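**Q** So that we are looking at the same thing, I have put the structure below in structure tokens.
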Amino acid sequence: MRTAPSAGCTIQIMQVPEDILAELHAIDQWATIPLSQLTNNDDFMAVAMELMNHAQYLLFVGISLAPTQMQAENGVTRRRAIVLGHLVRIHKLYNALRYHTANKERNICAIFDRLLIETVFRAEYLMKARTNSFRSFVLTSYRPEKQMLDDLRQKSSLRPFEPIERRMMASIKHCLRQDRVSVEELKANKNWDLDGKSFRQILSDLGCERGYAYGFGIGSHWIHGDWFDLRRHHLKRTDGRYRPRWDDDVPDPRGVCPSTILCLSLKFAKSRKGSHHESRRIHGVNALCRENGIQTCGTVADAVAFQALP
């Protein structure tokens, strides 16, 4: 077992497998090689895809780190699990983004960019949150189930349940019991936003309010398929009339690299003492890398995205 200091705290690093260290050193070597001259989108995207492959590995290692051996072996409490679940979701979303980038499906990539923005910033918010926020997160997750319960109760007053309806009712109540949410509490709840805050307010709390319009807001086009999305990705206009568009735009680094930067810059840990915040927000990969004399490749993403600007 070794220790690695980071931001005024100590991370225990226990029996790091040599193959992981070897891979991190290989990434470090790749990240420190100066970029060759990039002249077209294919050149930029060749580097961006290689970067995504490395970033995916860094995310996997960072999310897999645990602060203690006990947590590594036994798992974590629900409050910590909510943050951990966000990190695993980020890993999976980024992997999907990587897949659709390789397939040159820019419109699908835009959907995953938006999903990553929402998940990364909500994870960041929850890392700084108080205990009540985690209760709010669980309760507000049950909004569709509340609506289903209301509908099932109305049906039960008119006729016996169908078998599928009986199973649905039992399944919802089972989940509520597991999460220690009473039906009465669910019925009484009137606010379905985390801590009663819109996502714009959450970004504002994180000092990123301007990111709403440029990231989360514009990404809503691609999620919901509004007119802006249809005319941009799924229709082509000829002589004032529209036809189906079956092809996809080719991704470029200006769309791909910001998501890579966002994921690699995510902080992975936080602690609190009493009612006061004690910042221990650590990028787990950076801690492991620094302990072994390794740099990470986030700056490559910055460089590729910046050079790609017109």
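Each chain of the structure tokens is named A, B, ... in the order shown, its residues numbered from 1; ligands are numbered from 1 in display order.
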Please provide the set of residues having any atom within 9 Å of Ser133 in chain A, restricted to only C-alpha atoms, with same-chain residues fewer than 4 positions apart removed, written as JSON, numbers by chain.
**A** {"A": [126, 129, 137, 138, 194, 195]}
**Q** Write out as a ChimeraX atom specification the residues lying within 12 Å of Lys173 in chain A, counting only C-alpha atoms and excluding same-chain residues fewer than 3 positions away.
**A** /A:142,145-146,148-149,166-170,176-184,186
**Q** Run DSSP on the backbone of this structure and report the residues of range 84-212 of chain A it assigns to helix (DSSP H, G or I), as a VMD selection string.
**A** chain A and resid 84 to 102 106 to 127 131 to 140 143 to 156 163 to 178 183 to 188 194 to 196 199 to 205 211 to 212
**Q** What are the closest atom pairs, with distances in Å to one decimal, for each residue of range 96-118 of chain A lying within 12 Å of range 217-224 of chain A, using only C-alpha atoms, rows by chain and rising residue number, as JSON lines?
**A**
{"residue": "A:Arg106", "atom": "CA", "partner": "A:Trp222", "partner_atom": "CA", "distance": 10.6}
{"residue": "A:Asn107", "atom": "CA", "partner": "A:Trp222", "partner_atom": "CA", "distance": 7.3}
{"residue": "A:Ile108", "atom": "CA", "partner": "A:Trp222", "partner_atom": "CA", "distance": 8.0}
{"residue": "A:Cys109", "atom": "CA", "partner": "A:Trp222", "partner_atom": "CA", "distance": 9.3}
{"residue": "A:Ala110", "atom": "CA", "partner": "A:Trp222", "partner_atom": "CA", "distance": 6.4}
{"residue": "A:Ile111", "atom": "CA", "partner": "A:Trp222", "partner_atom": "CA", "distance": 5.4}
{"residue": "A:Phe112", "atom": "CA", "partner": "A:Ile223", "partner_atom": "CA", "distance": 8.7}
{"residue": "A:Asp113", "atom": "CA", "partner": "A:Gly219", "partner_atom": "CA", "distance": 7.5}
{"residue": "A:Arg114", "atom": "CA", "partner": "A:Gly219", "partner_atom": "CA", "distance": 5.0}
{"residue": "A:Leu115", "atom": "CA", "partner": "A:Gly219", "partner_atom": "CA", "distance": 8.4}
{"residue": "A:Leu116", "atom": "CA", "partner": "A:Gly219", "partner_atom": "CA", "distance": 10.3}
{"residue": "A:Ile117", "atom": "CA", "partner": "A:Gly219", "partner_atom": "CA", "distance": 8.9}
{"residue": "A:Glu118", "atom": "CA", "partner": "A:Gly219", "partner_atom": "CA", "distance": 9.8}
**Q** Please produce a file of those selected residues containing C-alpha atoms, as a PDB file, in the first residue's frame.
**A**
ATOM      1  CA  ARG A 106     -22.502  13.510 -35.770  1.00  0.00           C
ATOM      2  CA  ASN A 107     -26.205  13.954 -35.013  1.00  0.00           C
ATOM      3  CA  ILE A 108     -26.165  10.955 -32.636  1.00  0.00           C
ATOM      4  CA  CYS A 109     -22.947  12.247 -31.055  1.00  0.00           C
ATOM      5  CA  ALA A 110     -24.731  15.507 -30.252  1.00  0.00           C
ATOM      6  CA  ILE A 111     -27.326  13.558 -28.230  1.00  0.00           C
ATOM      7  CA  PHE A 112     -24.637  11.940 -26.103  1.00  0.00           C
ATOM      8  CA  ASP A 113     -22.829  15.266 -25.669  1.00  0.00           C
ATOM      9  CA  ARG A 114     -25.995  16.660 -24.070  1.00  0.00           C
ATOM     10  CA  LEU A 115     -26.465  13.589 -21.856  1.00  0.00           C
ATOM     11  CA  LEU A 116     -22.865  13.888 -20.682  1.00  0.00           C
ATOM     12  CA  ILE A 117     -23.259  17.581 -19.845  1.00  0.00           C
ATOM     13  CA  GLU A 118     -26.279  16.850 -17.675  1.00  0.00           C
TER      14      GLU A 118
END
**Q** Fewer than 2 positions away in the same chain doesn't count, so skip those; otherwise give me all residues within 7 Å of range 32-47 of chain A, counting only C-alpha atoms, as a count of residues only.
**A** 9
**Q** Restricting the calculation to only C-alpha atoms, which member of A:Thr77, A:Met127, A:Val256, A:Gly85 is positioned closest to Ala102 in chain A?
**A**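 For Ala102 in chain A, the nearest of the candidates is A:Val256.
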**Q** Mind checking which residues fall within 8 Å of Lys104 in chain A, counting only C-alpha atoms, ignoring those fewer than 2 positions away in the same chain, and posting them as a ChimeraX atom specification?
**A** /A:100-102,106,248-251
